[in-house]
Structures are given as C-alpha cells and as structure tokens.
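Reviewing the structure listed below.
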Amino acid sequence: MWHISSRKAAWIAWLLSLTALAILALHDDTGWDAAIYRTALHSLRAGHDPYADAIAVQQRFHSEIALHPNDTPPYSYVYSPMTLPLVRAAGALGALPGRSLYWLAYAIGALAQLYAGLSAAEASERKYFSCIAPVAVFFPGLLVRDTVLSGNVAYILYGLVLATAVAGWHRGTWRWFYLSVIAASCFKAPLLSLLAIPVLSARRQWLPASVSAFAGVALFASQPLVWPVLYRHFLQAVELQFSYNRDFGCSPAGLFSWAITAHGLPYAPASYIFYLSYAIPLFCLQLSLSRKFLRGEFSLTQWVPVLLVGVILLNPRIMEYDVAPLSLPLALIAWRFVATRRRKLAIGVALAIPWLAANWFAASSWTLWKPAEGSLLVLFFAGGCWNLLRSTPRTVRRGVDSSNARQERGSRLSRNELAPAGAD
C-alpha cells in the first residue's frame, strides 16, 4: 500500500499553495491595499497632503454616486501622520527596491503568523497542522477570502507581534513584544489591545504592559501638536471611512455599527457603549481563565488558541487581515473540541456543516462575509472556553488522584520497610 510521510505531505501542501498563490497573483488584481499606500506616496512626492487628496476623491465619488451606484468606493490612507516619514523613506528607495523589500517583509510576516499558529499545536497535532498551515492562507478566520493578496501592512505588523509573543512564551523575554506592539499601534491604534497577551499568559506583566499602553497613547496624542493640519485631515479621513464606506469590520461592535447605519442612524456613541458592554466582561472572562492557566490547570498550547481569539475580539474594528492570524488557532479549537468527545465523527460532521454553510455565504457575497466571520469568532471562542472549563476539573482530578496514589504507594512501602523481617 502506498504511504506518504507527514513531512512529505506538508511539503506537497506548501508547493501546491505557493503555486496557487502565484497563479492568483498573476491573474487577479492584487495589492489593492498596497495601491492606497502608493497613492499616498505620490501625494507626498507632489508636496500634497495625502489625506486631503484622498478625501477630495471620496467626496467627489459620493457626490456622483448615482452615476456609478455599483462601483467599489475609493479608500483613503488612514494611518496616522507619524507613519508618513516612513512612507517618504520607502519612496526614497526607488520603485523596484521599495516594492521588493515591502513584499519580502510581507511574505515573512505571513509566514511568521503561520509559525505562531503552529507553535500552539501539540506534538501529536503538528503533523496534521503542518499540512493545514499552507492552506490556511486562503481561509482567513476559516472563511474563504483572497485577503493574503491585499498587501495590507497588517500582515507585517501581526507577523512581528506574534513572532515576539512566541519568543516571550518560550524565553520569558517580552521587551521586543512591547516594542513591536507600540510600533504596530503607530499604524493601527486598536492593536494596543494586543498588550493583553502577556498580561493573560505570563506573570508580572501588568506594569510593563501598562507602560507600553501609556507610551502608545502618548505617541498618538502628541500628533496634533506636531502635525496639527495633517492630524485634523487624518481624523476626517477616518470618519469618512465609516460614514461613507461603512467599513466597520466584523467585530461585534463593528457589526452593530454596520446594522444601525443601515437604518440611517449614527454609529456613535451607541457603538462605543455596545463595545464596552461586551469587551469588559470578555476581558474579565479571559482574566479568570488566565489565572487557571497560571495555576497549571491547563497547558500553554491549550490556552494560546483561545487567548488569541479572545484578544482579537477585544479589537473594536476587526478586519479580514486581523483574523488571518487566527486561522490555525480557530482550527485547533475545533480540532480539540471534537477530540475530547466520544462521538467524534458525529460531532465533526455537525461542525463541518455550519462551517461549509458559512463558507458558501462568504464566497457568494462580500456583504455576508463579515457577519459570518463575526459569528464564527464568537462561537469558536465560546467553544474554546467551554472546552478549557470542561477539561479542567478532570485534569485537576486526575492530578489529585495520581498524587494520592503516589502517597499511598509511598505509605505502603514505608510500612513494608518498617515491618519486622519474615512478617507476612
């Protein structure tokens, strides 16, 4: 009978995935987010305000919306003014070197995300998930989407943050993680929520996480003093991203905002209140689970997938590239949910049916992708928490029983050693 090793299967999966990516990159319109960065660079080279230029394009598009009701709306450069010097520096490299370096960093970031996901797999799971990993790039958050071709800087940022998080878990050194998060927050301020990772998975991290959060907020808050006009236009561009494009993401708060704006209602302040109404209990639940982890009631590999999904859910605006790092953690949660049950086949089929349905919805309409993804994140996080809480009593009980058995064996040995020779 023909047999193939798991290592060869993994190599084959990688080869097929890379081939598919190359074909898609050649035949599809790739790098749509990277194109926004290039447009901002062109504005800077011309001595313009990139936010003002993009706002003018958006306003003109929406003033003539009746002429092109089905066209994709234009998007602005919505990263804060402190990132513009980096854009200028990238432009100084020249078109070909700049693009080459960017896409190299992008590929490394995407691989680092997969590496972080695989690090949460146990030894018995790794041979399977090493084959799943290359396929996961086509299923951000387990839903089919060509997000990996977008060129969004989030792939680089998450790759850097998660690689330093793995180093923190294995070496106990978190300084590079904190620096990575602060750097990432210069582009996307909500990424400061990732500072919860060391707080929830290591001891004595509250102070450095708080200092890092303060540094990130201070950097952001200092921008109106350094670039007052750019900062005002930046805020206006962000507002148009929501009011014009309704680009709220797939978080519970984002879906709530999307729903109320569909009825002609303003998203603020109702969306902020809604976000706090679930984010605070969510963090408290994760804090409770982290105390159990730190007491040794479950392992790091058991905790990390649930932790990562929960921390991403703390982000008020979850986009498709924010869930890309969760593909393998979500798959691990589903795998373990099935593996700890007796009727594995029936439960596996029961999980596969809604997953296939969600993918069908996601593939049929981009409008349906976000509610499907948001629902999957919440359901899988709940399932992961349930699995941890369900397994903890048995794990603790087995540990107590084993300890009692060792003590009993030791007691019997002591009695035998103290018994007189020849005693029956």
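Identifiers in the structure tokens: chain A, B, ... in order shown; residue index from 1 per chain; ligand index from 1 in order shown.
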
List the spatial neighbours of Leu276 of chain A as a ChimeraX atom specification - criterion: any atom at most 12 Å away, only C-alpha atoms, same-chain residues fewer than 2 positions off excluded. /A:252-253,269-274,278-283,313-316

Residues of the last selection are to be written out with C-alpha atoms, as a tab-separated table (two decimals), in the first residue's frame.
```tsv
chain	number	residue	atom	x	y	z
A	252	PRO	CA	-19.49	42.52	17.40
A	253	ALA	CA	-19.19	46.32	17.73
A	269	PRO	CA	-21.99	56.89	20.65
A	270	ALA	CA	-24.16	53.75	20.62
A	271	SER	CA	-21.40	51.58	19.15
A	272	TYR	CA	-18.94	52.70	21.87
A	273	ILE	CA	-21.41	51.75	24.60
A	274	PHE	CA	-22.12	48.43	22.90
A	278	TYR	CA	-19.13	43.08	25.92
A	279	ALA	CA	-15.40	43.97	25.98
A	280	ILE	CA	-15.25	44.38	29.78
A	281	PRO	CA	-16.97	41.01	30.55
A	282	LEU	CA	-14.87	39.39	27.80
A	283	PHE	CA	-11.63	40.58	29.36
A	313	LEU	CA	-12.20	40.07	19.88
A	314	LEU	CA	-11.10	42.95	22.13
A	315	ASN	CA	-10.26	44.90	18.97
A	316	PRO	CA	-13.27	47.15	18.25
```

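Nearest-residue note for Arg145 of chain A: choosing from A:Ser193, A:Ser327, A:Ser43, A:Gln241, the minimum distance belongs to A:Ser327, counting only C-alpha atoms.
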
At a cut-off of 7 Å, using only C-alpha atoms, what residues contact segment 233-238 of chain A? Leave out same-chain residues fewer than 3 positions from it and give the result as a ChimeraX atom specification. /A:51-52,55,76,78,80,229-230,241-242

Using C-alpha atoms, can you write the selected residues to a file as a PDB file, in the first residue's frame?
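The result, written out as again-v4.pdb:
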```pdb
ATOM      1  CA  TYR A  51      -5.351  62.788   3.472  1.00  0.00           C
ATOM      2  CA  ALA A  52      -6.777  65.892   1.784  1.00  0.00           C
ATOM      3  CA  ILE A  55     -10.827  62.995   0.930  1.00  0.00           C
ATOM      4  CA  SER A  76      -8.136  56.701   1.842  1.00  0.00           C
ATOM      5  CA  VAL A  78      -5.996  56.167   7.161  1.00  0.00           C
ATOM      6  CA  SER A  80      -1.737  58.382  11.425  1.00  0.00           C
ATOM      7  CA  VAL A 229      -3.319  70.122   9.947  1.00  0.00           C
ATOM      8  CA  LEU A 230      -2.357  66.591   8.889  1.00  0.00           C
ATOM      9  CA  GLN A 241     -14.104  55.502   6.138  1.00  0.00           C
ATOM     10  CA  PHE A 242     -17.039  54.827   8.461  1.00  0.00           C
TER      11      PHE A 242
END
```

Write down as a VMD selection string the residues of segment 165-305 of chain A whose backbone DSSP state falls under helix (DSSP H, G or I). chain A and resid 165 to 171 175 to 187 189 to 201 206 to 221 223 to 226 228 to 243 252 to 262 270 to 294 300 to 305

Generate the output file for the selected residues, C-alpha atoms, as a JSON list (two decimals), in the first residue's frame.
```
[["chain", "number", "residue", "atom", "x", "y", "z"],
["A", 165, "ALA", "CA", 4.98, 36.81, 21.52],
["A", 166, "VAL", "CA", 6.21, 33.26, 20.81],
["A", 167, "ALA", "CA", 9.67, 34.34, 21.99],
["A", 168, "GLY", "CA", 8.07, 35.75, 25.13],
["A", 169, "TRP", "CA", 6.25, 32.49, 25.88],
["A", 170, "HIS", "CA", 9.29, 30.30, 25.34],
["A", 171, "ARG", "CA", 12.08, 32.53, 26.69],
["A", 175, "ARG", "CA", 10.60, 43.61, 25.75],
["A", 176, "TRP", "CA", 10.64, 43.03, 21.98],
["A", 177, "PHE", "CA", 6.94, 42.21, 22.06],
["A", 178, "TYR", "CA", 6.11, 45.52, 23.74],
["A", 179, "LEU", "CA", 8.23, 47.45, 21.26],
["A", 180, "SER", "CA", 6.53, 45.60, 18.40],
["A", 181, "VAL", "CA", 3.04, 46.47, 19.65],
["A", 182, "ILE", "CA", 3.93, 50.13, 20.14],
["A", 183, "ALA", "CA", 5.33, 50.24, 16.60],
["A", 184, "ALA", "CA", 2.24, 48.48, 15.22],
["A", 185, "SER", "CA", -0.06, 50.92, 17.03],
["A", 186, "CYS", "CA", 1.52, 53.80, 15.09],
["A", 187, "PHE", "CA", -0.26, 52.34, 12.06],
["A", 189, "ALA", "CA", -4.08, 52.22, 17.24],
["A", 190, "PRO", "CA", -6.55, 49.40, 18.11],
["A", 191, "LEU", "CA", -3.61, 46.97, 18.02],
["A", 192, "LEU", "CA", -2.75, 48.23, 21.51],
["A", 193, "SER", "CA", -5.34, 45.65, 22.62],
["A", 194, "LEU", "CA", -2.67, 43.02, 21.85],
["A", 195, "LEU", "CA", -0.91, 44.15, 25.04],
["A", 196, "ALA", "CA", -3.35, 41.83, 26.81],
["A", 197, "ILE", "CA", -1.39, 38.80, 25.51],
["A", 198, "PRO", "CA", 1.47, 38.86, 28.09],
["A", 199, "VAL", "CA", -0.88, 40.01, 30.85],
["A", 200, "LEU", "CA", -3.03, 36.93, 30.28],
["A", 201, "SER", "CA", -0.24, 34.42, 29.69],
["A", 206, "TRP", "CA", 0.84, 44.29, 34.28],
["A", 207, "LEU", "CA", 3.37, 47.08, 34.81],
["A", 208, "PRO", "CA", 5.28, 46.77, 31.50],
["A", 209, "ALA", "CA", 2.00, 46.34, 29.61],
["A", 210, "SER", "CA", 0.58, 49.47, 31.25],
["A", 211, "VAL", "CA", 3.73, 51.46, 30.49],
["A", 212, "SER", "CA", 3.60, 50.30, 26.87],
["A", 213, "ALA", "CA", -0.07, 51.26, 26.61],
["A", 214, "PHE", "CA", 0.71, 54.69, 28.02],
["A", 215, "ALA", "CA", 3.59, 55.10, 25.54],
["A", 216, "GLY", "CA", 1.35, 54.11, 22.61],
["A", 217, "VAL", "CA", -1.42, 56.51, 23.66],
["A", 218, "ALA", "CA", 1.09, 59.29, 24.31],
["A", 219, "LEU", "CA", 2.61, 58.86, 20.85],
["A", 220, "PHE", "CA", -0.82, 59.06, 19.27],
["A", 221, "ALA", "CA", -1.92, 62.02, 21.40],
["A", 223, "GLN", "CA", 0.46, 64.13, 16.86],
["A", 224, "PRO", "CA", -1.94, 67.14, 16.93],
["A", 225, "LEU", "CA", 0.95, 69.15, 18.41],
["A", 226, "VAL", "CA", 3.47, 68.06, 15.77],
["A", 228, "PRO", "CA", -1.96, 69.81, 13.52],
["A", 229, "VAL", "CA", -3.32, 70.12, 9.95],
["A", 230, "LEU", "CA", -2.36, 66.59, 8.89],
["A", 231, "TYR", "CA", -3.87, 65.19, 12.06],
["A", 232, "ARG", "CA", -7.17, 67.01, 11.52],
["A", 233, "HIS", "CA", -7.38, 65.69, 7.97],
["A", 234, "PHE", "CA", -6.41, 62.21, 9.19],
["A", 235, "LEU", "CA", -9.38, 62.19, 11.58],
["A", 236, "GLN", "CA", -11.65, 63.36, 8.78],
["A", 237, "ALA", "CA", -10.40, 60.53, 6.54],
["A", 238, "VAL", "CA", -11.09, 58.01, 9.29],
["A", 239, "GLU", "CA", -14.60, 59.40, 9.75],
["A", 240, "LEU", "CA", -15.32, 59.09, 6.02],
["A", 241, "GLN", "CA", -14.10, 55.50, 6.14],
["A", 242, "PHE", "CA", -17.04, 54.83, 8.46],
["A", 243, "SER", "CA", -19.73, 57.27, 7.31],
["A", 252, "PRO", "CA", -19.49, 42.52, 17.40],
["A", 253, "ALA", "CA", -19.19, 46.32, 17.73],
["A", 254, "GLY", "CA", -18.45, 46.64, 14.00],
["A", 255, "LEU", "CA", -21.47, 44.53, 13.03],
["A", 256, "PHE", "CA", -23.62, 46.55, 15.41],
["A", 257, "SER", "CA", -22.40, 49.80, 13.83],
["A", 258, "TRP", "CA", -22.98, 48.41, 10.35],
["A", 259, "ALA", "CA", -26.55, 47.43, 11.28],
["A", 260, "ILE", "CA", -27.57, 50.76, 12.81],
["A", 261, "THR", "CA", -26.05, 52.84, 10.00],
["A", 262, "ALA", "CA", -28.03, 50.69, 7.54],
["A", 270, "ALA", "CA", -24.16, 53.75, 20.62],
["A", 271, "SER", "CA", -21.40, 51.58, 19.15],
["A", 272, "TYR", "CA", -18.94, 52.70, 21.87],
["A", 273, "ILE", "CA", -21.41, 51.75, 24.60],
["A", 274, "PHE", "CA", -22.12, 48.43, 22.90],
["A", 275, "TYR", "CA", -18.38, 47.70, 22.63],
["A", 276, "LEU", "CA", -17.78, 48.34, 26.35],
["A", 277, "SER", "CA", -20.82, 46.23, 27.25],
["A", 278, "TYR", "CA", -19.13, 43.08, 25.92],
["A", 279, "ALA", "CA", -15.40, 43.97, 25.98],
["A", 280, "ILE", "CA", -15.25, 44.38, 29.78],
["A", 281, "PRO", "CA", -16.97, 41.01, 30.55],
["A", 282, "LEU", "CA", -14.87, 39.39, 27.80],
["A", 283, "PHE", "CA", -11.63, 40.58, 29.36],
["A", 284, "CYS", "CA", -12.81, 39.51, 32.83],
["A", 285, "LEU", "CA", -13.57, 36.02, 31.49],
["A", 286, "GLN", "CA", -10.12, 35.82, 29.91],
["A", 287, "LEU", "CA", -8.55, 37.05, 33.13],
["A", 288, "SER", "CA", -10.31, 34.28, 35.05],
["A", 289, "LEU", "CA", -9.11, 31.67, 32.55],
["A", 290, "SER", "CA", -5.58, 33.06, 32.67],
["A", 291, "ARG", "CA", -5.48, 32.60, 36.45],
["A", 292, "LYS", "CA", -6.34, 28.94, 35.90],
["A", 293, "PHE", "CA", -3.58, 28.68, 33.30],
["A", 294, "LEU", "CA", -1.03, 30.27, 35.61],
["A", 300, "LEU", "CA", 0.23, 26.87, 27.25],
["A", 301, "THR", "CA", -0.63, 25.08, 23.99],
["A", 302, "GLN", "CA", -4.19, 24.58, 25.25],
["A", 303, "TRP", "CA", -4.52, 28.22, 26.29],
["A", 304, "VAL", "CA", -2.89, 30.07, 23.37],
["A", 305, "PRO", "CA", -5.57, 29.46, 20.66]]
```

Interatomic distance (Å, one decimal) between atom CA of Ala13 of chain A and atom CA of Val161 of chain A: 26.0 Å

Using atom CA of Phe380 of chain A and atom CA of Ile333 of chain A as the two end points, give the distance in Å to one decimal.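 Computing the Euclidean distance for atom CA of Phe380 of chain A and atom CA of Ile333 of chain A yields 6.9 Å.
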
Give me, as a tab-separated table (two decimals) with C-alpha atoms, in the first residue's frame, all polymer residues having an atom no more than 9 Å from Trp103 of chain A, counting only C-alpha atoms and skipping those fewer than 5 positions away in the same chain.
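Result written to part_24.tsv:
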```tsv
chain	number	residue	atom	x	y	z
A	98	GLY	CA	10.93	49.64	-2.32
A	108	ILE	CA	8.00	36.97	6.13
A	151	GLY	CA	-0.74	43.74	0.53
```

What lies within 9 Å of Ala363 of chain A using only C-alpha atoms, ignoring chain neighbours under 4 positions off, as a PyMOL selection string? chain A and resi 143-145+358-359+368-369

Record the distance separating atom CA of Gly109 of chain A and atom CA of Tyr155 of chain A, expressed in Å with one decimal.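 Computed distance, atom CA of Gly109 of chain A to atom CA of Tyr155 of chain A, equals 5.4 Å.
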
Which residue, A:Ala350, A:Ala382, A:Leu265, A:Ala10, has the smallest gap to Ser130 of chain A when you use only C-alpha atoms?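 Comparing A:Ala350, A:Ala382, A:Leu265, A:Ala10 against Ser130 of chain A, the winner is A:Ala10.
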
Show which residues sit within 8 Å of Val148 of chain A, as a list in words. Count only C-alpha atoms, and ignore same-chain residues fewer than 3 positions away.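 My reading of the contact set: Val137, Phe138, Gly151 and Tyr321 of chain A.
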
Determine the nearest neighbour of Phe139 of chain A from the options A:Gly310, A:Pro266, A:Gly348, A:Pro325, counting only C-alpha atoms.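 Of A:Gly310, A:Pro266, A:Gly348, A:Pro325, the one nearest Phe139 of chain A, counting only C-alpha atoms, is A:Pro325.
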
Near Tyr102 of chain A, counting only C-alpha atoms, which residues have an atom at most 10 Å away, once you skip same-chain residues fewer than 4 positions from it, shown as a PyMOL selection string? chain A and resi 34+90+96-98+106-108+151+153+156
